[in-house]
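See below for coords08.cif, which holds mmCIF, C-alpha atoms and all ligand atoms.
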data_coords
loop_
_atom_site.label_atom_id
_atom_site.label_comp_id
_atom_site.auth_asym_id
_atom_site.auth_seq_id
_atom_site.Cartn_x
_atom_site.Cartn_y
_atom_site.Cartn_z
CA MET A 1 -9.88 4.80 -28.05
CA PRO A 2 -11.73 2.56 -25.49
CA ARG A 3 -10.04 2.05 -22.10
CA GLY A 4 -7.64 -0.91 -21.99
CA GLU A 5 -6.92 -0.90 -25.72
CA THR A 6 -3.54 0.84 -25.50
CA SER A 7 -1.04 -1.92 -26.13
CA ASN A 8 1.90 -0.84 -23.95
CA VAL A 9 0.19 0.24 -20.71
CA ALA A 10 1.51 -1.82 -17.76
CA ASP A 11 -1.67 -2.12 -15.69
CA GLY A 12 -0.77 -1.28 -12.09
CA LEU A 13 2.86 -1.15 -13.29
CA GLU A 14 2.85 -4.97 -12.94
CA ASN A 15 6.28 -6.43 -13.90
CA VAL A 16 7.72 -2.94 -14.48
CA VAL A 17 11.21 -2.51 -12.97
CA ALA A 18 11.14 1.14 -11.90
CA ALA A 19 14.38 1.41 -9.92
CA GLU A 20 17.62 -0.30 -8.97
CA THR A 21 18.09 -0.70 -5.22
CA VAL A 22 20.63 -2.13 -2.80
CA LEU A 23 18.03 -2.28 -0.03
CA SER A 24 15.85 -5.37 -0.53
CA LYS A 25 15.08 -8.11 -2.99
CA VAL A 26 11.62 -9.73 -3.12
CA ASP A 27 11.85 -13.03 -5.02
CA GLY A 28 8.21 -13.86 -5.80
CA GLU A 29 8.88 -17.23 -7.44
CA ALA A 30 11.14 -18.58 -4.68
CA GLY A 31 9.34 -16.84 -1.81
CA VAL A 32 12.53 -15.21 -0.53
CA LEU A 33 13.15 -11.76 1.01
CA VAL A 34 16.74 -10.46 1.10
CA LEU A 35 17.54 -7.33 3.14
CA ARG A 36 20.91 -5.81 2.18
CA GLY A 37 22.45 -9.24 1.66
CA HIS A 38 20.74 -10.98 4.58
CA LEU A 39 17.93 -13.53 4.33
CA LEU A 40 14.99 -12.36 6.43
CA GLN A 41 14.98 -15.69 8.27
CA ASP A 42 18.61 -15.09 9.34
CA ILE A 43 17.90 -11.77 11.03
CA ALA A 44 14.28 -11.79 12.24
CA GLY A 45 14.31 -12.70 15.94
CA ARG A 46 18.12 -12.57 15.97
CA ARG A 47 18.87 -8.93 15.12
CA SER A 48 17.13 -5.85 16.52
CA PHE A 49 15.01 -3.33 14.66
CA GLU A 50 17.70 -0.75 15.46
CA TRP A 51 20.38 -2.98 13.91
CA LEU A 52 18.33 -3.44 10.73
CA THR A 53 17.60 0.29 10.58
CA GLY A 54 21.34 0.99 10.68
CA LEU A 55 21.89 -1.56 7.92
CA LEU A 56 19.19 -0.07 5.68
CA TRP A 57 20.40 3.50 6.26
CA GLN A 58 24.09 2.69 5.68
CA ASP A 59 25.57 4.91 2.89
CA PHE A 60 22.42 7.07 2.89
CA VAL A 61 22.29 8.58 6.37
CA ASP A 62 25.48 10.32 7.45
CA ARG A 63 25.64 9.48 11.16
CA PRO A 64 26.83 6.63 13.42
CA LEU A 65 24.52 3.69 12.66
CA GLY A 66 25.62 0.92 15.03
CA GLY A 67 22.77 -0.91 16.79
CA GLU A 68 23.57 0.38 20.28
CA VAL A 69 24.20 3.99 19.09
CA LEU A 70 20.93 3.94 17.17
CA ARG A 71 19.05 2.59 20.17
CA ARG A 72 20.33 5.53 22.24
CA ASP A 73 19.81 8.15 19.54
CA LEU A 74 16.37 6.83 18.54
CA GLY A 75 15.40 7.07 22.20
CA LEU A 76 16.52 10.71 22.34
CA ALA A 77 14.67 11.33 19.08
CA ARG A 78 11.47 9.93 20.61
CA GLU A 79 11.85 12.47 23.43
CA ARG A 80 12.35 15.32 20.93
CA ALA A 81 9.42 14.13 18.82
CA PHE A 82 7.16 13.99 21.88
CA ALA A 83 8.14 17.57 22.85
CA GLN A 84 7.77 18.88 19.28
CA MET A 85 4.31 17.40 18.75
CA SER A 86 2.90 18.20 22.22
CA ASP A 87 0.95 21.28 21.07
CA LEU A 88 -0.61 19.29 18.21
CA LEU A 89 -1.61 16.24 20.29
CA PRO A 90 -4.95 17.57 21.64
CA ALA A 91 -6.21 18.06 18.07
CA THR A 92 -5.76 14.36 17.33
CA CYS A 93 -8.74 13.34 19.49
CA ARG A 94 -11.13 13.57 16.50
CA LEU A 95 -8.82 11.74 14.08
CA SER A 96 -8.23 8.07 13.24
CA PRO A 97 -4.88 6.78 14.49
CA LEU A 98 -3.36 7.02 11.02
CA GLY A 99 -4.95 10.41 10.40
CA ALA A 100 -3.35 11.57 13.64
CA VAL A 101 0.10 10.31 12.62
CA ARG A 102 -0.33 12.00 9.22
CA MET A 103 -0.99 15.29 11.02
CA LEU A 104 1.75 14.84 13.63
CA LEU A 105 4.40 14.23 10.96
CA ALA A 106 3.91 17.90 10.05
CA ALA A 107 5.75 18.70 13.29
CA VAL A 108 8.97 17.50 11.64
CA PRO A 109 10.40 20.51 9.75
CA ASP A 110 11.42 19.98 6.12
CA ASP A 111 14.97 20.96 7.01
CA ALA A 112 15.20 18.99 10.27
CA ALA A 113 18.88 18.09 10.72
CA ASP A 114 18.16 14.59 11.99
CA ALA A 115 14.98 14.01 9.96
CA PRO A 116 15.51 10.22 9.55
CA LEU A 117 15.60 9.70 13.33
CA LEU A 118 12.89 12.28 14.07
CA LEU A 119 10.49 10.88 11.46
CA THR A 120 11.07 7.31 12.64
CA ALA A 121 10.50 8.41 16.24
CA SER A 122 7.44 10.52 15.37
CA VAL A 123 5.48 7.62 13.86
CA ALA A 124 5.84 5.49 17.00
CA VAL A 125 5.41 8.34 19.50
CA GLY A 126 2.53 9.91 17.59
CA LEU A 127 0.63 6.65 17.10
CA ALA A 128 0.86 5.67 20.78
CA ALA A 129 -0.10 9.16 22.00
CA ALA A 130 -2.99 9.55 19.56
CA ILE A 131 -4.54 6.23 20.58
CA ARG A 132 -4.32 7.08 24.27
CA ILE A 133 -5.84 10.53 23.71
CA ARG A 134 -8.61 8.93 21.63
CA ASP A 135 -9.25 6.57 24.55
CA GLY A 136 -9.36 9.47 27.02
CA LYS A 137 -5.98 8.67 28.59
CA PRO A 138 -2.96 10.98 28.94
CA PRO A 139 -0.08 10.35 26.54
CA VAL A 140 2.93 8.58 28.07
CA ALA A 141 6.32 10.24 27.58
CA PRO A 142 9.05 8.18 25.87
CA ASP A 143 11.79 6.39 27.80
CA PRO A 144 14.98 7.15 25.85
CA GLN A 145 16.77 4.21 27.49
CA SER A 146 14.35 1.70 26.02
CA THR A 147 14.39 -0.08 22.67
CA HIS A 148 12.02 1.26 20.02
CA ALA A 149 9.70 -1.75 20.16
CA ALA A 150 9.51 -1.89 23.96
CA ASP A 151 9.02 1.87 24.27
CA PHE A 152 6.24 1.91 21.70
CA LEU A 153 4.34 -0.75 23.68
CA ARG A 154 4.96 1.08 26.96
CA MET A 155 3.84 4.45 25.52
CA LEU A 156 0.74 2.75 24.11
CA LYS A 157 -0.30 0.68 27.12
CA GLY A 158 1.13 2.77 29.97
CA THR A 159 3.02 -0.19 31.44
CA PRO A 160 6.28 -1.81 30.33
CA PRO A 161 5.83 -4.86 28.08
CA THR A 162 7.15 -8.26 29.12
CA PRO A 163 10.48 -9.19 27.49
CA ASP A 164 8.57 -11.68 25.29
CA GLU A 165 6.13 -8.97 24.13
CA ALA A 166 8.98 -6.55 23.35
CA ALA A 167 10.85 -9.28 21.48
CA ALA A 168 7.72 -10.22 19.54
CA LEU A 169 7.09 -6.66 18.35
CA ASP A 170 10.79 -6.15 17.56
CA THR A 171 10.73 -9.24 15.34
CA TYR A 172 7.61 -7.92 13.59
CA LEU A 173 9.25 -4.51 13.03
CA VAL A 174 12.30 -6.21 11.48
CA THR A 175 10.03 -8.37 9.29
CA ALA A 176 7.95 -5.45 8.01
CA ALA A 177 10.68 -2.79 7.68
CA ASP A 178 11.40 -3.03 3.96
CA HIS A 179 9.98 -4.90 0.99
CA GLY A 180 11.13 -3.69 -2.43
CA LEU A 181 9.01 -1.29 -4.43
CA ASN A 182 5.64 -1.81 -2.71
CA ALA A 183 3.07 0.91 -3.26
CA SER A 184 3.95 3.05 -0.24
CA THR A 185 7.70 2.79 -0.80
CA PHE A 186 7.23 3.66 -4.47
CA THR A 187 5.20 6.67 -3.32
CA ALA A 188 8.07 7.73 -1.07
CA ARG A 189 10.46 7.47 -4.03
CA VAL A 190 8.18 9.49 -6.31
CA ALA A 191 7.97 12.31 -3.76
CA ALA A 192 11.72 12.14 -3.07
CA SER A 193 12.45 12.18 -6.80
CA THR A 194 11.06 15.72 -7.01
CA GLN A 195 13.57 16.75 -4.32
CA ALA A 196 10.74 17.22 -1.84
CA SER A 197 11.78 16.75 1.80
CA LEU A 198 11.98 13.46 3.72
CA THR A 199 8.98 14.63 5.74
CA ASP A 200 7.04 15.01 2.48
CA ALA A 201 8.15 11.59 1.23
CA VAL A 202 7.25 9.82 4.49
CA THR A 203 3.88 11.59 4.72
CA ALA A 204 3.03 10.64 1.14
CA ALA A 205 4.05 7.03 1.78
CA LEU A 206 1.95 6.87 4.94
CA CYS A 207 -1.10 7.90 2.95
CA ALA A 208 -0.46 5.20 0.35
CA LEU A 209 0.00 2.57 3.07
CA LYS A 210 -3.48 3.24 4.46
CA GLY A 211 -5.46 1.50 1.71
CA PRO A 212 -6.87 -2.01 2.42
CA LEU A 213 -5.13 -3.43 -0.66
CA HIS A 214 -1.81 -2.54 1.00
CA GLY A 215 -1.08 -1.75 4.63
CA GLY A 216 -4.72 -1.37 5.57
CA ALA A 217 -5.30 -5.13 5.46
CA PRO A 218 -4.44 -6.41 8.97
CA GLY A 219 -7.41 -4.86 10.80
CA PRO A 220 -9.91 -6.20 8.24
CA VAL A 221 -8.39 -9.69 8.69
CA LEU A 222 -9.87 -9.74 12.20
CA ASP A 223 -13.15 -8.28 10.91
CA MET A 224 -13.24 -11.21 8.46
CA LEU A 225 -12.61 -13.73 11.27
CA ASP A 226 -15.39 -12.10 13.31
CA ALA A 227 -17.77 -12.37 10.35
CA ILE A 228 -16.90 -16.02 9.69
CA GLY A 229 -17.59 -17.14 13.25
CA PRO A 230 -17.00 -20.87 13.94
CA ALA A 231 -14.33 -22.55 11.80
CA GLU A 232 -16.91 -24.90 10.30
CA ASN A 233 -18.51 -21.87 8.64
CA ALA A 234 -15.24 -20.78 7.03
CA GLU A 235 -15.29 -22.55 3.66
CA ALA A 236 -18.88 -21.53 2.84
CA TRP A 237 -18.42 -17.95 4.07
CA LEU A 238 -15.14 -17.49 2.18
CA ASP A 239 -16.52 -19.06 -1.00
CA GLU A 240 -19.50 -16.71 -0.93
CA ALA A 241 -17.18 -13.75 -0.36
CA VAL A 242 -14.94 -14.60 -3.29
CA MET A 243 -17.93 -15.31 -5.52
CA ARG A 244 -19.33 -11.83 -4.81
CA GLY A 245 -15.97 -10.35 -5.77
CA ASP A 246 -14.59 -9.59 -2.29
CA ARG A 247 -10.85 -9.76 -1.65
CA LEU A 248 -9.89 -12.05 1.25
CA MET A 249 -7.74 -9.88 3.52
CA GLY A 250 -4.31 -11.38 4.23
CA PHE A 251 -4.15 -13.34 0.97
CA GLY A 252 -2.64 -12.72 -2.43
CA HIS A 253 0.31 -10.60 -3.44
CA ARG A 254 1.47 -8.76 -6.52
CA ILE A 255 4.91 -10.38 -6.38
CA TYR A 256 4.72 -13.61 -4.37
CA ARG A 257 3.45 -16.60 -6.33
CA VAL A 258 4.22 -18.80 -3.34
CA GLN A 259 3.65 -18.09 0.33
CA ASP A 260 5.07 -14.79 1.60
CA PRO A 261 8.14 -15.84 3.64
CA ARG A 262 7.23 -13.25 6.26
CA SER A 263 4.01 -15.10 7.06
CA ASP A 264 5.86 -18.05 8.61
CA VAL A 265 8.15 -15.68 10.55
CA VAL A 266 5.22 -13.79 12.07
CA LYS A 267 3.22 -16.98 12.70
CA ALA A 268 6.18 -18.40 14.65
CA VAL A 269 6.22 -15.23 16.78
CA VAL A 270 2.52 -15.71 17.56
CA GLU A 271 3.21 -19.33 18.52
CA ARG A 272 6.14 -18.30 20.77
CA LEU A 273 4.05 -15.62 22.46
CA ASN A 274 1.57 -18.40 23.21
CA ARG A 275 -1.24 -16.05 24.26
CA ASP A 276 -4.20 -17.99 22.92
CA ILE A 277 -3.29 -21.21 21.16
CA GLY A 278 -6.96 -21.86 20.39
CA ARG A 279 -7.16 -18.56 18.48
CA LEU A 280 -4.08 -19.56 16.49
CA HIS A 281 -5.49 -22.97 15.63
CA TYR A 282 -8.76 -21.31 14.60
CA ALA A 283 -6.86 -18.92 12.32
CA GLU A 284 -4.95 -21.84 10.80
CA ALA A 285 -8.25 -23.56 9.98
CA VAL A 286 -9.58 -20.39 8.34
CA GLU A 287 -6.30 -19.97 6.43
CA GLN A 288 -6.56 -23.50 5.02
CA ALA A 289 -10.17 -22.90 4.02
CA ALA A 290 -9.23 -19.62 2.33
CA LEU A 291 -6.39 -21.22 0.39
CA ALA A 292 -8.72 -24.00 -0.78
CA VAL A 293 -11.40 -21.52 -1.89
CA LEU A 294 -8.88 -19.32 -3.70
CA ALA A 295 -7.36 -22.32 -5.49
CA LYS A 296 -10.81 -23.43 -6.57
CA ARG A 297 -12.25 -20.05 -7.56
CA LYS A 298 -9.08 -18.31 -8.86
CA PRO A 299 -7.16 -21.19 -10.49
CA ASN A 300 -5.26 -18.85 -12.81
CA ARG A 301 -3.64 -16.85 -9.98
CA SER A 302 -1.55 -18.33 -7.18
CA LEU A 303 -3.05 -16.64 -4.12
CA GLN A 304 -1.19 -17.46 -0.93
CA THR A 305 -1.06 -16.15 2.64
CA ASN A 306 0.71 -12.80 2.84
CA LEU A 307 2.32 -10.82 5.69
CA GLU A 308 -0.95 -9.45 7.01
CA PHE A 309 -2.88 -12.57 8.02
CA TYR A 310 -0.75 -13.60 11.01
CA THR A 311 0.29 -9.99 11.65
CA ALA A 312 -3.33 -9.38 12.61
CA LEU A 313 -3.15 -12.18 15.21
CA LEU A 314 0.19 -10.93 16.54
CA LEU A 315 -0.90 -7.31 17.00
CA GLU A 316 -4.15 -8.50 18.59
CA ALA A 317 -2.13 -10.68 21.01
CA LEU A 318 0.05 -7.66 21.85
CA GLY A 319 -3.07 -5.71 22.77
CA LEU A 320 -3.07 -3.14 19.96
CA PRO A 321 -6.49 -1.83 18.96
CA ARG A 322 -7.52 -3.05 15.49
CA ASP A 323 -7.51 0.42 13.95
CA ALA A 324 -3.86 0.84 15.00
CA PHE A 325 -2.60 -2.17 13.03
CA THR A 326 -1.76 -0.10 9.94
CA GLY A 327 -0.02 2.40 12.18
CA ALA A 328 2.10 -0.43 13.60
CA PHE A 329 3.02 -1.33 10.03
CA ALA A 330 4.14 2.29 9.54
CA VAL A 331 6.22 2.16 12.76
CA ALA A 332 8.28 -0.48 10.95
CA ARG A 333 8.10 0.61 7.31
CA VAL A 334 9.09 4.23 7.93
CA VAL A 335 12.77 3.19 8.07
CA GLY A 336 12.42 1.54 4.65
CA TRP A 337 10.65 4.57 3.19
CA ILE A 338 13.48 6.79 4.43
CA ALA A 339 16.19 4.53 2.99
CA HIS A 340 14.46 4.34 -0.40
CA ALA A 341 13.77 8.10 -0.50
CA LEU A 342 17.43 8.84 0.19
CA GLU A 343 18.55 6.22 -2.34
CA GLN A 344 16.29 7.86 -4.91
CA GLN A 345 17.71 11.29 -4.15
CA ALA A 346 21.29 9.97 -4.20
CA GLY A 347 21.16 8.74 -7.76
CA GLY A 348 17.69 8.74 -9.25
CA ARG A 349 15.96 11.05 -11.69
CA LEU A 350 12.52 12.62 -11.45
CA ILE A 351 9.98 9.77 -11.66
CA ARG A 352 7.59 10.80 -14.42
CA PRO A 353 6.05 8.01 -16.57
CA GLN A 354 3.97 8.57 -19.67
CA SER A 355 0.21 8.09 -20.05
CA ALA A 356 -1.84 7.15 -23.10
CA TYR A 357 -4.49 9.80 -23.78
CA ILE A 358 -7.80 8.14 -24.70
CA GLY A 359 -9.99 11.24 -24.41
CA PRO A 360 -11.45 13.27 -27.29
CA MET A 361 -9.19 15.42 -29.45
CA PRO A 362 -10.08 19.06 -30.19
CA ARG A 363 -12.44 19.43 -33.21
CA GLY A 364 -11.25 21.07 -36.37
C1 LIG B 401 0.89 -5.78 1.41
O1 LIG B 401 3.70 -5.07 -2.60
C2 LIG B 401 4.07 -5.37 -1.41
O2 LIG B 401 5.19 -5.80 -1.17
C3 LIG B 401 3.01 -5.16 -0.34
C4 LIG B 401 3.37 -5.68 1.05
C5 LIG B 401 4.53 -4.92 1.65
O3 LIG B 401 5.26 -5.50 2.46
O4 LIG B 401 4.63 -3.70 1.38
O5 LIG B 401 3.68 -7.05 0.95
C6 LIG B 401 2.20 -5.50 2.01
O6 LIG B 401 0.28 -4.89 0.91
C7 LIG B 401 0.37 -7.18 1.39
C8 LIG B 401 -1.03 -7.27 0.73
C9 LIG B 401 -2.07 -6.86 1.77
N1 LIG B 401 -3.41 -6.79 1.10
C10 LIG B 401 -4.30 -7.76 1.26
O7 LIG B 401 -4.13 -8.79 1.89
C11 LIG B 401 -5.61 -7.45 0.56
C12 LIG B 401 -6.07 -8.66 -0.24
N2 LIG B 401 -5.16 -8.91 -1.35
C13 LIG B 401 -5.54 -8.46 -2.65
O8 LIG B 401 -6.29 -7.30 -2.71
C14 LIG B 401 -4.47 -8.64 -3.72
O9 LIG B 401 -3.98 -9.90 -3.61
C15 LIG B 401 -3.34 -7.63 -3.82
C16 LIG B 401 -3.85 -6.25 -3.95
C17 LIG B 401 -2.44 -7.76 -2.63
C18 LIG B 401 -2.54 -7.97 -5.08
O10 LIG B 401 -3.42 -7.94 -6.12
P1 LIG B 401 -2.95 -7.82 -7.65
O11 LIG B 401 -1.58 -8.35 -7.83
O12 LIG B 401 -3.20 -6.43 -8.11
O13 LIG B 401 -3.91 -8.83 -8.38
P2 LIG B 401 -5.33 -8.46 -8.98
O14 LIG B 401 -6.03 -7.50 -8.08
O15 LIG B 401 -5.14 -8.10 -10.42
O16 LIG B 401 -6.09 -9.86 -8.86
C19 LIG B 401 -5.83 -10.90 -9.80
C20 LIG B 401 -6.96 -11.90 -9.60
C21 LIG B 401 -8.31 -11.23 -9.60
O17 LIG B 401 -9.24 -12.21 -10.02
P3 LIG B 401 -9.89 -12.08 -11.52
O18 LIG B 401 -10.46 -10.70 -11.61
O19 LIG B 401 -8.71 -12.30 -12.46
O20 LIG B 401 -10.91 -13.17 -11.55
O21 LIG B 401 -6.82 -12.51 -8.29
C22 LIG B 401 -7.95 -12.17 -7.50
C23 LIG B 401 -8.58 -10.96 -8.13
O22 LIG B 401 -9.98 -10.92 -7.85
N3 LIG B 401 -7.48 -11.89 -6.15
C24 LIG B 401 -8.15 -12.16 -5.04
C25 LIG B 401 -7.33 -11.78 -3.98
N4 LIG B 401 -6.19 -11.26 -4.48
C26 LIG B 401 -6.30 -11.31 -5.82
N5 LIG B 401 -9.39 -12.71 -4.88
C27 LIG B 401 -9.78 -12.87 -3.58
N6 LIG B 401 -9.02 -12.52 -2.50
C28 LIG B 401 -7.81 -11.99 -2.67
N7 LIG B 401 -7.09 -11.65 -1.60
#

Translate the structure of the given file into C-alpha cells.
Amino acid sequence: MPRGETSNVADGLENVVAAETVLSKVDGEAGVLVLRGHLLQDIAGRRSFEWLTGLLWQDFVDRPLGGEVLRRDLGLARERAFAQMSDLLPATCRLSPLGAVRMLLAAVPDDAADAPLLLTASVAVGLAAAIRIRDGKPPVAPDPQSTHAADFLRMLKGTPPTPDEAAALDTYLVTAADHGLNASTFTARVAASTQASLTDAVTAALCALKGPLHGGAPGPVLDMLDAIGPAENAEAWLDEAVMRGDRLMGFGHRIYRVQDPRSDVVKAVVERLNRDIGRLHYAEAVEQAALAVLAKRKPNRSLQTNLEFYTALLLEALGLPRDAFTGAFAVARVVGWIAHALEQQAGGRLIRPQSAYIGPMPRG
C-alpha cells in the first residue's frame, strides 16, 4: 500500500489525546496555558521557579516541596551534582553544550534517592560548567544559598547576576517549565512507561528537545535575524524563505492557533530588562513581517509567534551563548519532564501504539 493511504494513521499524532494529566493544560484555540490550576500570567514574574517546581511535583515526589525548602535543597543538590560530575567534566570540552549535558546526566545513578532534585540540578550545573570548559575557563562551583536561576547565571558567567537578570531568567524558567504533551515531554513519558529510571526518561527527553522543530529553535531565531539584516529587508527575505520551504524559527505551533501566551510574557521580560530597546524594536518589525508573510503564503494554517522568538532575545540579553539556548530550555523543562514521568509511572500503562505495515508480504 503506498505511504499515506492508511486511513486511521494520525500523522505526527496530531489531535491524539495520549494521556490524562493534572500538570498543565494548553488551550490552543484560546491561547491559554494553565499550570496545575494557575494561569501562566498569574504566576510568571510573581512566583519563583522553585515554587512552581514544588507545585508540579506535588503528589509525585515524596519530599517537602515548599518554595523555600526547595530553594535550599536544590542548592544542596547543585553542590552534589557538581561533585558527582567533576570527573566527567574534562571530557565535555569536545562536545556541544547539549551533548555535554546528555553525557553528564549519566552521573545520576538510576537508583539515586533524590533523583528529581539531582537531575534538575545536573542540567543547570552541567550546562554552565560545559560552556565554561568549552570557552577555556574553569567551572564555577554552585552557591547552595542562591536561587536556581541566579546560581545558573553566576556559574555560567563567573559573576553574580543583577537582581533584574536573576528575576528575568527565573520568569523564563517558570514560563518554559511545563507545556502539556510536547515532543520531549511525551518522550519522557514513553521512557517512564517502560519503568525505566528517571535518569533514562530525562535523558531521552533532552535528546528529543534538541531538534530545531522543538527546543532547538531559539538559537536559529538569531541566525535568521542575522541573515535578514536591516528590517527593511525582512519581508522579502522571509517571503523567499517560506517560498523555498524553510520554516521560520519562532513561529507556528502544533497546538496554538492564536499567539502562544508565553510569547507576550517573555517579551515583557525583555522590555523590563531594557538592555537594547533598538534590538527589541527591530525584532518586533521582523515579527510583523513574518506574520504577514505566513498569513499570505500559508493561509490555511494559523501560524503565530511561539515561545522561542522572544526567548532568543531574552537569552541573548542575559549573555548566554547562542548554542546554549536549548540547554537553557532544558534547565526549565526538566522539572516538567520529571513530573510527567512520575505521573506516567503512578498510573499509566506501557505506551505502545500500533503501526500500519505497508511493506511487502512474504511470497507464497
Ligand atoms: C516548541 O508542542 C509544544 O508545546 C512545543 C513547545 C513547548 O513548550 O514544548 O511549545 C516548544 O517546540 C515551539 C516550536 C518551536 N519550533 C519552531 O519555532 C520551528 C518552526 N515551527 C515549525 O517547524 C512548526 O510550526 C512546528 C513544528 C512548531 C509545528 O508544525 P506542525 O504542527 O507539525 O505543522 P506542519 O509542519 O504540518 O506545517 C503545516 C503547514 C505546512 O505548510 P504546507 O506544507 O501545508 O504548505 O504550515 C507550514 C508548513 O510548511 N508551517 C510553517 C511554519 N510552521 C508550519 N511554514 C513556515 N514557517 C513555519 N514556522

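Minimum atom-to-atom distance to A:Met249, evaluated using all atoms listed in the file, belongs to A:His214 out of A:His214, A:Arg322, A:Arg333, A:Arg262.
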
Quick one: residues within 6 Å of ligand LIG 401 (chain B), with all atoms listed in the file, as a PyMOL selection string?
-> chain A and resi 179+182+212-215+217+242+246-254+301+306-308

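Each of A:Gly31, A:Arg94, A:Arg80, A:Arg189 was checked against A:Ile351 using all atoms listed in the file; the smallest atom-to-atom distance is that of A:Arg189.
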
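Atom CA of A:Ala107 sits 9.5 Å away from atom CA of A:Asp87.
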
Worksheet entry | Coordinates-based distance that separates atom CA of A:Glu232 from atom CA of A:Arg297 (Å, one decimal) |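 Separation between atom CA of A:Arg297 and atom CA of A:Glu232: 19.1 Å.
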
Spatial neighbours of A:Gln145, 12 Å, all atoms listed in the file, chain gap at least 4 places, as a short mmCIF file (atom, residue, chain, number, x, y, z; two decimals) with C-alpha atoms, in the coordinates of the input:
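Listing of result.cif after writing:
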data_model
loop_
_atom_site.label_atom_id
_atom_site.label_comp_id
_atom_site.auth_asym_id
_atom_site.auth_seq_id
_atom_site.Cartn_x
_atom_site.Cartn_y
_atom_site.Cartn_z
CA GLU A 68 23.57 0.38 20.28
CA VAL A 69 24.20 3.99 19.09
CA LEU A 70 20.93 3.94 17.17
CA ARG A 71 19.05 2.59 20.17
CA ARG A 72 20.33 5.53 22.24
CA ASP A 73 19.81 8.15 19.54
CA LEU A 74 16.37 6.83 18.54
CA GLY A 75 15.40 7.07 22.20
CA LEU A 76 16.52 10.71 22.34
CA ALA A 77 14.67 11.33 19.08
CA ARG A 78 11.47 9.93 20.61
CA GLU A 79 11.85 12.47 23.43
CA ALA A 149 9.70 -1.75 20.16
CA ALA A 150 9.51 -1.89 23.96
CA ASP A 151 9.02 1.87 24.27
#

### Query
A:Phe329, A:Leu238, A:Glu5, A:Val266: which is nearest A:Leu291, counting all atoms listed in the file?
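Selected residue with least distance to A:Leu291: A:Leu238.
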
In Å, rounded to a single decimal, give me how far atom CA of A:Pro138 is from atom CA of A:Ala324.
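Distance reported for this atom pair: 17.3 Å.
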
Mind working out the centre and edge lengths of an axis-aligned box for stretch 233-246 of chain A, all listed atoms inside, 5 Å added to each side, rounded to one decimal in Å and written as AutoDock Vina command-line options?
--center_x -17.0 --center_y -16.1 --center_z 1.4 --size_x 14.9 --size_y 23.0 --size_z 24.4

Counting all atoms listed in the file, the residue among A:Leu33, A:Ile228, A:Leu13, A:Ala121 that lies closest to A:Ala285 is A:Ile228

- What lies within 9 Å of A:Ala328 using all atoms listed in the file, ignoring chain neighbours under 4 positions off, as a PyMOL selection string? chain A and resi 123-124+127+173+315+320+324+332-333

So, counting all atoms listed in the file, which residue among A:Pro299, A:Met361, A:Ser24, A:Gly229 is closest to A:Arg279?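 Result for the nearest residue to A:Arg279: A:Gly229.
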
- Contacts of A:Leu65 within 10 Å, all atoms listed in the file, excl. fewer than 4 positions in-chain, as an NGL selection string: :A and (50-59 or 61 or 69-71 or 73)

(message) Quick one: residues within 10 Å of A:Phe152, all atoms listed in the file, excluding same-chain residues fewer than 6 positions away - as JSON, numbers by chain?
(response) {"A": [78, 121, 123, 124, 125, 126, 127, 128, 129, 140, 142, 143, 146, 158, 160, 161, 166, 169, 328, 331]}

Measuring between only C-alpha atoms, which one of A:Ala188, A:Ala231, A:Leu88, A:Ile255 shows the shortest distance to A:Glu14?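 Closest to A:Glu14 of all the choices is A:Ile255.
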
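Once A:Leu95 and its same-chain neighbours fewer than 6 positions away are set aside, Val101, Arg102, Met103, Ala130, Ile131 and Arg134 of chain A remain within 10 Å of it when counting all atoms listed in the file.
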
Radius query 10 Å about (-3.0, 8.1, -24.1), atoms used: all atoms listed in the file, as a list in words: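 With a cut-off of 10 Å, the residues come to Met1, Arg3, Glu5, Thr6, Val9, Gln354, Ser355, Ala356, Tyr357, Ile358 and Gly359 of chain A.
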
Some atoms are missing, so please complete stretch 205-212 of chain A with N, CA, C and O atoms and return it as an mmCIF file, in the coordinates of the input.
data_model
loop_
_atom_site.group_PDB
_atom_site.id
_atom_site.type_symbol
_atom_site.label_atom_id
_atom_site.label_comp_id
_atom_site.auth_asym_id
_atom_site.auth_seq_id
_atom_site.Cartn_x
_atom_site.Cartn_y
_atom_site.Cartn_z
ATOM 1 N N ALA A 205 4.024 8.497 1.686
ATOM 2 C CA ALA A 205 4.050 7.030 1.780
ATOM 3 C C ALA A 205 3.035 6.524 2.799
ATOM 4 O O ALA A 205 2.334 5.531 2.575
ATOM 5 N N LEU A 206 2.918 7.261 3.910
ATOM 6 C CA LEU A 206 1.950 6.870 4.940
ATOM 7 C C LEU A 206 0.541 6.844 4.379
ATOM 8 O O LEU A 206 -0.245 5.934 4.635
ATOM 9 N N CYS A 207 0.244 7.835 3.548
ATOM 10 C CA CYS A 207 -1.100 7.900 2.950
ATOM 11 C C CYS A 207 -1.322 6.715 2.009
ATOM 12 O O CYS A 207 -2.397 6.118 1.998
ATOM 13 N N ALA A 208 -0.315 6.347 1.267
ATOM 14 C CA ALA A 208 -0.460 5.200 0.350
ATOM 15 C C ALA A 208 -0.604 3.904 1.132
ATOM 16 O O ALA A 208 -1.347 2.997 0.743
ATOM 17 N N LEU A 209 0.045 3.809 2.265
ATOM 18 C CA LEU A 209 0.000 2.570 3.070
ATOM 19 C C LEU A 209 -1.414 2.291 3.560
ATOM 20 O O LEU A 209 -1.811 1.138 3.722
ATOM 21 N N LYS A 210 -2.200 3.317 3.755
ATOM 22 C CA LYS A 210 -3.480 3.240 4.460
ATOM 23 C C LYS A 210 -4.510 2.351 3.749
ATOM 24 O O LYS A 210 -5.383 1.749 4.369
ATOM 25 N N GLY A 211 -4.435 2.230 2.452
ATOM 26 C CA GLY A 211 -5.460 1.500 1.710
ATOM 27 C C GLY A 211 -5.522 0.025 2.048
ATOM 28 O O GLY A 211 -4.478 -0.603 2.299
ATOM 29 N N PRO A 212 -6.727 -0.595 2.050
ATOM 30 C CA PRO A 212 -6.870 -2.010 2.420
ATOM 31 C C PRO A 212 -6.195 -2.974 1.453
ATOM 32 O O PRO A 212 -5.939 -4.115 1.798
#
